[in-house]
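Participant: What follows is upload36.cif, made up of mmCIF, C-alpha atoms:
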data_data
#
loop_
_atom_site.label_atom_id
_atom_site.label_comp_id
_atom_site.auth_asym_id
_atom_site.auth_seq_id
_atom_site.Cartn_x
_atom_site.Cartn_y
_atom_site.Cartn_z
CA MET A 30 -48.51 -39.54 -51.00
CA ASN A 31 -50.05 -41.39 -53.88
CA ARG A 32 -52.96 -43.40 -52.58
CA PRO A 33 -54.72 -46.12 -54.58
CA ARG A 34 -57.85 -44.39 -55.83
CA PRO A 35 -60.21 -47.09 -54.54
CA LEU A 36 -58.99 -46.66 -50.93
CA ARG A 37 -60.31 -43.12 -51.06
CA CYS A 38 -63.39 -44.23 -52.92
CA LEU A 39 -64.30 -47.09 -50.59
CA ALA A 40 -63.74 -44.99 -47.50
CA ALA A 41 -66.08 -42.36 -48.88
CA LEU A 42 -68.87 -44.67 -50.00
CA ALA A 43 -69.99 -45.69 -46.51
CA LEU A 44 -69.85 -42.08 -45.37
CA VAL A 45 -71.89 -40.95 -48.38
CA ALA A 46 -74.63 -43.45 -47.65
CA LEU A 47 -74.67 -42.36 -44.00
CA ALA A 48 -74.68 -38.68 -44.93
CA ALA A 49 -77.56 -39.16 -47.33
CA THR A 50 -79.62 -40.74 -44.56
CA ALA A 51 -78.52 -38.68 -41.58
CA CYS A 52 -78.93 -35.34 -43.32
CA GLY A 53 -82.33 -36.27 -44.70
CA ARG A 54 -81.34 -35.13 -48.19
CA SER A 55 -83.38 -36.40 -51.09
CA ASP A 56 -83.71 -35.54 -54.76
CA GLN A 57 -84.89 -32.01 -54.13
CA GLY A 58 -85.86 -30.17 -57.28
CA SER A 59 -85.87 -31.85 -60.65
CA ALA A 60 -83.37 -34.67 -60.97
CA ALA A 61 -81.58 -35.09 -64.25
CA ALA A 62 -82.11 -38.20 -66.28
CA PRO A 63 -78.91 -40.22 -66.69
CA GLY A 64 -76.69 -38.68 -69.31
CA ALA A 65 -78.77 -35.53 -69.75
CA ALA A 66 -79.56 -32.25 -68.03
CA ALA A 67 -83.03 -31.36 -66.74
CA GLY A 68 -84.97 -28.23 -67.52
CA ASP A 69 -85.36 -25.90 -70.47
CA THR A 70 -81.75 -24.93 -71.14
CA ALA A 71 -81.65 -24.97 -74.94
CA GLY A 72 -79.85 -22.05 -76.54
CA LYS A 73 -78.66 -20.52 -73.27
CA SER A 74 -75.04 -19.97 -72.33
CA SER A 75 -73.66 -21.26 -69.07
CA ALA A 76 -73.57 -17.73 -67.64
CA GLU A 77 -77.25 -17.28 -68.55
CA LEU A 78 -78.18 -20.56 -66.88
CA LEU A 79 -76.38 -19.68 -63.65
CA PRO A 80 -78.88 -19.04 -60.81
CA GLY A 81 -79.02 -15.49 -59.52
CA LYS A 82 -77.67 -16.21 -56.05
CA TYR A 83 -74.34 -17.32 -57.53
CA LYS A 84 -74.16 -14.27 -59.76
CA GLN A 85 -74.76 -12.08 -56.71
CA ALA A 86 -72.10 -13.88 -54.69
CA GLY A 87 -69.62 -13.61 -57.56
CA VAL A 88 -67.68 -16.61 -56.27
CA LEU A 89 -67.63 -20.32 -57.12
CA ARG A 90 -66.55 -22.33 -54.06
CA VAL A 91 -64.92 -25.59 -55.16
CA ALA A 92 -63.44 -28.24 -52.87
CA THR A 93 -60.82 -30.85 -53.69
CA ALA A 94 -58.60 -33.28 -51.79
CA VAL A 95 -54.92 -32.89 -52.58
CA GLY A 96 -52.86 -36.06 -52.88
CA TYR A 97 -53.70 -37.59 -56.25
CA PRO A 98 -51.36 -36.07 -58.84
CA PRO A 99 -51.63 -35.08 -61.60
CA MET A 100 -55.33 -34.51 -60.88
CA GLU A 101 -54.99 -32.42 -57.72
CA MET A 102 -51.77 -31.44 -55.99
CA TYR A 103 -49.73 -28.53 -54.66
CA LYS A 104 -47.15 -26.74 -56.76
CA PRO A 105 -43.74 -27.83 -55.42
CA GLY A 106 -42.73 -25.89 -52.33
CA THR A 107 -46.04 -24.01 -52.12
CA THR A 108 -49.64 -24.40 -50.98
CA GLU A 109 -50.94 -23.31 -54.38
CA LEU A 110 -53.35 -25.85 -55.85
CA THR A 111 -52.65 -27.13 -59.33
CA GLY A 112 -53.47 -30.09 -61.54
CA VAL A 113 -56.27 -31.13 -63.85
CA ASP A 114 -59.09 -30.45 -61.40
CA PRO A 115 -57.94 -27.00 -60.19
CA ASP A 116 -57.25 -25.90 -63.77
CA LEU A 117 -60.65 -27.12 -65.01
CA ALA A 118 -62.35 -25.54 -62.01
CA ALA A 119 -60.78 -22.20 -62.91
CA ALA A 120 -61.94 -22.56 -66.51
CA VAL A 121 -65.51 -23.43 -65.44
CA ALA A 122 -65.62 -20.48 -63.04
CA ALA A 123 -64.42 -18.16 -65.81
CA LYS A 124 -67.18 -19.38 -68.15
CA LEU A 125 -69.73 -18.69 -65.44
CA GLY A 126 -68.31 -15.21 -64.84
CA LEU A 127 -67.30 -16.07 -61.28
CA LYS A 128 -64.13 -15.86 -59.21
CA LEU A 129 -62.80 -19.28 -58.20
CA GLU A 130 -62.35 -20.00 -54.50
CA MET A 131 -60.76 -23.44 -54.22
CA THR A 132 -60.33 -25.29 -50.93
CA ASN A 133 -58.38 -28.38 -49.95
CA ALA A 134 -60.34 -30.73 -47.68
CA SER A 135 -60.25 -34.37 -46.63
CA PHE A 136 -61.66 -36.68 -49.30
CA ASP A 137 -64.11 -38.24 -46.85
CA GLY A 138 -65.48 -34.81 -45.95
CA LEU A 139 -66.12 -33.56 -49.48
CA ILE A 140 -69.69 -34.77 -50.00
CA PRO A 141 -70.85 -33.97 -46.45
CA GLY A 142 -69.37 -30.48 -46.89
CA LEU A 143 -71.19 -30.08 -50.18
CA GLN A 144 -74.46 -31.16 -48.60
CA ALA A 145 -73.91 -28.76 -45.71
CA GLY A 146 -73.45 -25.85 -48.11
CA ARG A 147 -69.78 -25.21 -47.34
CA PHE A 148 -68.89 -25.78 -51.01
CA ASP A 149 -70.73 -25.24 -54.29
CA LEU A 150 -68.92 -28.00 -56.19
CA VAL A 151 -66.53 -30.87 -55.56
CA MET A 152 -63.82 -31.65 -58.12
CA SER A 153 -61.54 -34.38 -56.82
CA SER A 154 -61.21 -37.36 -59.18
CA MET A 155 -64.48 -38.67 -57.76
CA THR A 156 -66.07 -41.66 -59.46
CA ASP A 157 -69.69 -41.14 -60.50
CA SER A 158 -71.23 -44.14 -58.75
CA GLU A 159 -74.84 -45.10 -58.17
CA GLN A 160 -74.31 -45.06 -54.42
CA ARG A 161 -72.84 -41.56 -54.40
CA ARG A 162 -75.73 -40.33 -56.54
CA GLN A 163 -78.03 -41.00 -53.62
CA ALA A 164 -76.47 -37.86 -52.16
CA VAL A 165 -75.31 -35.72 -55.10
CA ASP A 166 -75.54 -35.24 -58.86
CA PHE A 167 -72.48 -35.49 -61.10
CA VAL A 168 -71.47 -33.56 -64.20
CA ASP A 169 -69.12 -36.10 -65.75
CA TYR A 170 -65.89 -34.72 -67.18
CA PHE A 171 -63.40 -37.59 -67.30
CA ARG A 172 -63.47 -41.31 -68.04
CA THR A 173 -60.60 -43.44 -66.90
CA GLY A 174 -59.42 -46.86 -65.78
CA GLY A 175 -56.31 -48.89 -65.08
CA VAL A 176 -53.43 -49.34 -67.52
CA VAL A 177 -50.61 -51.86 -67.62
CA MET A 178 -47.15 -50.47 -66.85
CA THR A 179 -43.88 -52.21 -67.60
CA THR A 180 -40.25 -51.20 -67.74
CA LYS A 181 -39.22 -49.42 -70.90
CA ASP A 182 -37.31 -52.44 -72.24
CA ASN A 183 -40.34 -54.72 -71.51
CA PRO A 184 -38.31 -57.95 -71.72
CA GLN A 185 -41.43 -60.14 -71.63
CA GLY A 186 -42.99 -58.34 -74.61
CA ILE A 187 -46.21 -57.51 -72.75
CA LYS A 188 -48.73 -55.74 -74.97
CA SER A 189 -52.06 -56.29 -73.21
CA LEU A 190 -53.75 -57.46 -70.03
CA GLU A 191 -53.94 -60.99 -71.44
CA ASP A 192 -50.15 -61.07 -71.74
CA LEU A 193 -49.87 -60.94 -67.93
CA CYS A 194 -50.92 -64.59 -67.71
CA GLY A 195 -48.04 -66.67 -66.37
CA LYS A 196 -46.09 -63.56 -65.34
CA GLN A 197 -45.01 -62.02 -62.02
CA VAL A 198 -47.30 -59.03 -61.45
CA VAL A 199 -47.51 -56.52 -58.60
CA LEU A 200 -50.80 -54.74 -57.77
CA ALA A 201 -51.75 -52.24 -55.06
CA LYS A 202 -53.65 -53.58 -52.05
CA GLY A 203 -57.36 -52.76 -51.96
CA SER A 204 -57.35 -51.14 -55.39
CA SER A 205 -59.68 -51.66 -58.32
CA ASN A 206 -56.54 -52.50 -60.28
CA LEU A 207 -55.97 -55.50 -58.01
CA GLU A 208 -59.51 -56.56 -58.88
CA ILE A 209 -58.82 -56.12 -62.60
CA GLY A 210 -55.73 -58.32 -62.31
CA GLU A 211 -57.49 -60.97 -60.24
CA GLN A 212 -60.40 -61.11 -62.67
CA GLN A 213 -58.01 -61.57 -65.57
CA ASN A 214 -56.19 -64.28 -63.62
CA THR A 215 -59.36 -66.38 -63.51
CA LYS A 216 -59.22 -66.47 -67.33
CA CYS A 217 -55.55 -67.43 -67.51
CA ALA A 218 -54.58 -70.99 -68.42
CA GLU A 219 -51.21 -70.27 -66.82
CA LYS A 220 -51.83 -68.22 -63.68
CA MET A 221 -50.09 -65.00 -62.76
CA THR A 222 -47.96 -64.76 -59.66
CA ILE A 223 -49.52 -61.70 -57.98
CA SER A 224 -47.81 -59.82 -55.17
CA GLN A 225 -49.44 -56.85 -53.44
CA SER A 226 -47.81 -53.49 -52.75
CA GLU A 227 -48.92 -50.74 -50.40
CA ASP A 228 -49.39 -48.32 -53.29
CA ALA A 229 -48.38 -47.65 -56.89
CA PRO A 230 -44.89 -46.21 -56.16
CA THR A 231 -43.83 -49.20 -54.08
CA GLY A 232 -45.19 -51.47 -56.79
CA LEU A 233 -42.93 -49.79 -59.33
CA LEU A 234 -39.96 -50.57 -57.10
CA GLN A 235 -40.67 -54.25 -57.74
CA LEU A 236 -40.43 -53.58 -61.47
CA ASP A 237 -37.11 -51.82 -60.85
CA SER A 238 -35.73 -54.82 -58.96
CA GLY A 239 -37.06 -57.40 -61.40
CA ARG A 240 -39.34 -59.03 -58.84
CA ALA A 241 -42.30 -58.22 -61.11
CA VAL A 242 -42.52 -57.55 -64.84
CA ALA A 243 -45.72 -55.46 -64.83
CA THR A 244 -48.25 -53.63 -62.72
CA ILE A 245 -51.65 -51.99 -63.28
CA VAL A 246 -52.02 -48.33 -62.27
CA ASP A 247 -54.76 -45.72 -62.71
CA TYR A 248 -54.20 -44.05 -66.07
CA PRO A 249 -53.57 -40.46 -64.85
CA VAL A 250 -51.09 -41.62 -62.22
CA ALA A 251 -49.35 -43.95 -64.67
CA GLN A 252 -48.91 -41.07 -67.11
CA MET A 253 -47.32 -38.95 -64.38
CA PHE A 254 -44.88 -41.70 -63.39
CA ALA A 255 -43.89 -42.29 -67.02
CA GLN A 256 -43.30 -38.55 -67.51
CA LYS A 257 -41.04 -38.36 -64.47
CA ASN A 258 -39.15 -41.58 -65.10
CA THR A 259 -38.41 -42.71 -68.64
CA ALA A 260 -37.53 -46.18 -67.34
CA TYR A 261 -41.27 -47.00 -67.49
CA GLN A 262 -43.79 -47.30 -70.27
CA VAL A 263 -47.59 -47.18 -70.20
CA LEU A 264 -49.56 -49.47 -72.48
CA PRO A 265 -52.39 -47.62 -74.26
CA GLU A 266 -55.50 -49.66 -73.41
CA GLN A 267 -57.51 -48.77 -70.29
CA TYR A 268 -59.39 -51.42 -68.31
CA GLY A 269 -62.32 -51.09 -65.91
CA THR A 270 -63.08 -47.55 -67.07
CA ALA A 271 -65.59 -45.42 -65.18
CA PRO A 272 -66.68 -41.77 -65.29
CA TRP A 273 -65.41 -39.19 -62.83
CA GLY A 274 -67.72 -36.30 -62.08
CA ILE A 275 -68.04 -32.79 -60.69
CA ALA A 276 -70.32 -33.24 -57.67
CA VAL A 277 -73.23 -30.85 -57.17
CA ALA A 278 -75.81 -30.86 -54.37
CA LYS A 279 -79.12 -32.46 -55.36
CA LYS A 280 -81.07 -29.32 -54.56
CA GLU A 281 -78.88 -27.18 -56.85
CA SER A 282 -80.14 -28.36 -60.23
CA GLY A 283 -79.74 -24.86 -61.69
CA LEU A 284 -76.05 -24.78 -60.81
CA ARG A 285 -75.66 -28.32 -62.13
CA ASP A 286 -77.11 -27.35 -65.50
CA ALA A 287 -74.92 -24.24 -65.71
CA VAL A 288 -71.80 -26.26 -64.91
CA GLN A 289 -72.74 -28.88 -67.49
CA ARG A 290 -73.14 -26.17 -70.12
CA ALA A 291 -69.86 -24.50 -69.08
CA LEU A 292 -68.01 -27.79 -69.42
CA GLN A 293 -69.54 -28.38 -72.85
CA GLU A 294 -68.46 -24.89 -73.91
CA LEU A 295 -64.91 -25.71 -72.79
CA ILE A 296 -65.01 -29.00 -74.71
CA ASP A 297 -66.29 -27.28 -77.85
CA SER A 298 -63.71 -24.49 -77.67
CA GLY A 299 -60.78 -26.87 -77.12
CA GLU A 300 -59.88 -25.35 -73.74
CA TYR A 301 -60.87 -28.56 -71.97
CA ARG A 302 -58.55 -30.72 -74.04
CA THR A 303 -55.74 -28.20 -73.60
CA VAL A 304 -55.93 -28.67 -69.83
CA LEU A 305 -55.90 -32.47 -70.08
CA ASP A 306 -53.06 -32.48 -72.59
CA LYS A 307 -51.03 -30.20 -70.31
CA TYR A 308 -50.97 -33.05 -67.79
CA GLU A 309 -50.69 -35.81 -70.44
CA VAL A 310 -54.11 -37.33 -69.63
CA GLY A 311 -55.92 -36.62 -72.89
CA GLY A 312 -56.67 -40.32 -73.23
CA SER A 313 -59.42 -39.88 -70.62
CA ALA A 314 -61.13 -36.95 -72.38
CA VAL A 315 -64.88 -36.99 -72.98
CA THR A 316 -66.56 -35.44 -76.01
CA LYS A 317 -69.81 -34.53 -74.29
CA ALA A 318 -70.59 -33.13 -70.84
CA THR A 319 -73.25 -35.38 -69.33
CA VAL A 320 -75.00 -35.81 -65.99
CA ASN A 321 -75.04 -39.04 -63.97
CA THR A 322 -73.69 -41.28 -66.72
CA VAL A 323 -72.54 -44.27 -64.68
CA GLY A 324 -73.39 -47.55 -66.36
CA GLN A 325 -73.93 -45.97 -69.79
#
Would you mind writing the structure in this file as structure tokens?
Facilitator:
Amino acid sequence: MNRPRPLRCLAALALVALAATACGRSDQGSAAAPGAAAGDTAGKSSAELLPGKYKQAGVLRVATAVGYPPMEMYKPGTTELTGVDPDLAAAVAAKLGLKLEMTNASFDGLIPGLQAGRFDLVMSSMTDSEQRRQAVDFVDYFRTGGVVMTTKDNPQGIKSLEDLCGKQVVLAKGSSNLEIGEQQNTKCAEKMTISQSEDAPTGLLQLDSGRAVATIVDYPVAQMFAQKNTAYQVLPEQYGTAPWGIAVAKKESGLRDAVQRALQELIDSGEYRTVLDKYEVGGSAVTKATVNTVGQ
């Protein structure tokens, strides 16, 4: 089931704050400055930066929460994980010289599981937010937002968010995309008529029936829908963009730095972009692997 990203995000935020307090975790070790890694890492490869305990274990344990294609999902008819996050996780593990062990878990349990040591990393389309960084560090690997979707024929000639003024628009309940639409509506001389759907797929049904002429959907999900159904088109501009990050426990700064370097190696080699392009989400690619970049 495709869930609006913010429903997962909002549900997790309260739990993260509670976990950070209840578990007594603080910024153990050296915390990275926003947008940069800590420590003397110059000139070292990701495998050289990897702490010894991970080399000895030989395994990189990564958790995700299936249910947000094309980022993380099962291959049809199987329980094999696939998508942007599993593929990038495999590439990071290979750079570090480790075998990938990837686990599906509930989204709300990802950060508590990371803090409890059940996972080494979390890769699950998780927004790098200031509140979450009370509990974990993030190596940011993706930057994305909402995009306007219309039918392929686009009878109203919509080309931008501003063109939604005066139009019938459908937006998912509780989503950041609803907020984007409502914020734009305050600027409209002629107001939108906004209806709310349970999720993105049911919103698209309103486009099919002509009850709405446009919707706003998270970019990766919009790309997937447009691939599967040529009746839709995705407008290129993204709104309300934010970084998504690979979550690492605060106390594991050495692993964080190694993962940051591994991601940068993948970016430099082109392997990173190959993964994103495979799932048609290259528009959210970053050019530099950074740590805790929210707000920058």
Participant: Which polymer residues, whether protein, DNA or RNA, lie within 7 Å of the coordinate (-44.6, -68.2, -63.1) when you count all atoms listed in the file? List them as a list in words, using the chain letters and numbers from the file.
Facilitator: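 It turns out the residues near that spot are Gly195, Lys196, Gln197, Met221 and Thr222 of chain A.
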Participant: Just checking: using only C-alpha atoms, which residue out of A:Tyr170, A:Lys202, A:Thr156, A:Glu208 ends up closest to Ser224 in chain A?
Facilitator: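 Once distances to Ser224 in chain A are computed over only C-alpha atoms, the minimum belongs to A:Lys202.
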Participant: Run the PyMOL selection byres ((chain A and resi 278-293) around 6) on the file and write out the hits as a CSV table (one decimal) with C-alpha atoms, in the frame of the given file.
Facilitator:
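Done, and the output landed in selection.csv:
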chain,number,residue,atom,x,y,z
A,56,ASP,CA,-83.7,-35.5,-54.8
A,57,GLN,CA,-84.9,-32.0,-54.1
A,58,GLY,CA,-85.9,-30.2,-57.3
A,75,SER,CA,-73.7,-21.3,-69.1
A,78,LEU,CA,-78.2,-20.6,-66.9
A,79,LEU,CA,-76.4,-19.7,-63.6
A,80,PRO,CA,-78.9,-19.0,-60.8
A,121,VAL,CA,-65.5,-23.4,-65.4
A,124,LYS,CA,-67.2,-19.4,-68.2
A,144,GLN,CA,-74.5,-31.2,-48.6
A,165,VAL,CA,-75.3,-35.7,-55.1
A,166,ASP,CA,-75.5,-35.2,-58.9
A,168,VAL,CA,-71.5,-33.6,-64.2
A,277,VAL,CA,-73.2,-30.8,-57.2
A,294,GLU,CA,-68.5,-24.9,-73.9
A,295,LEU,CA,-64.9,-25.7,-72.8
A,296,ILE,CA,-65.0,-29.0,-74.7
A,318,ALA,CA,-70.6,-33.1,-70.8
Participant: Care to translate the PyMOL selection byres ((chain A and resi 187) around 12) into actual residues of this file, as a list in words?
Facilitator: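 Selected by the PyMOL selection byres ((chain A and resi 187) around 12) here: Val177, Met178, Thr179, Thr180, Lys181, Asp182, Asn183, Pro184, Gln185, Gly186, Lys188, Ser189, Leu190, Glu191, Asp192, Leu193, Cys194, Gly195, Lys196, Gln197, Val198, Val242, Ala243, Thr244, Gln262, Val263, Leu264 and Pro265 of chain A.
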Participant: Excluding Val310 in chain A and any residue of its chain fewer than 2 positions from it, enumerate the residues within 10 Å of it, using all atoms listed in the file, and give them as a ChimeraX atom specification.
Facilitator: /A:99-100,113,171,173,248-253,302,304-308,312-314
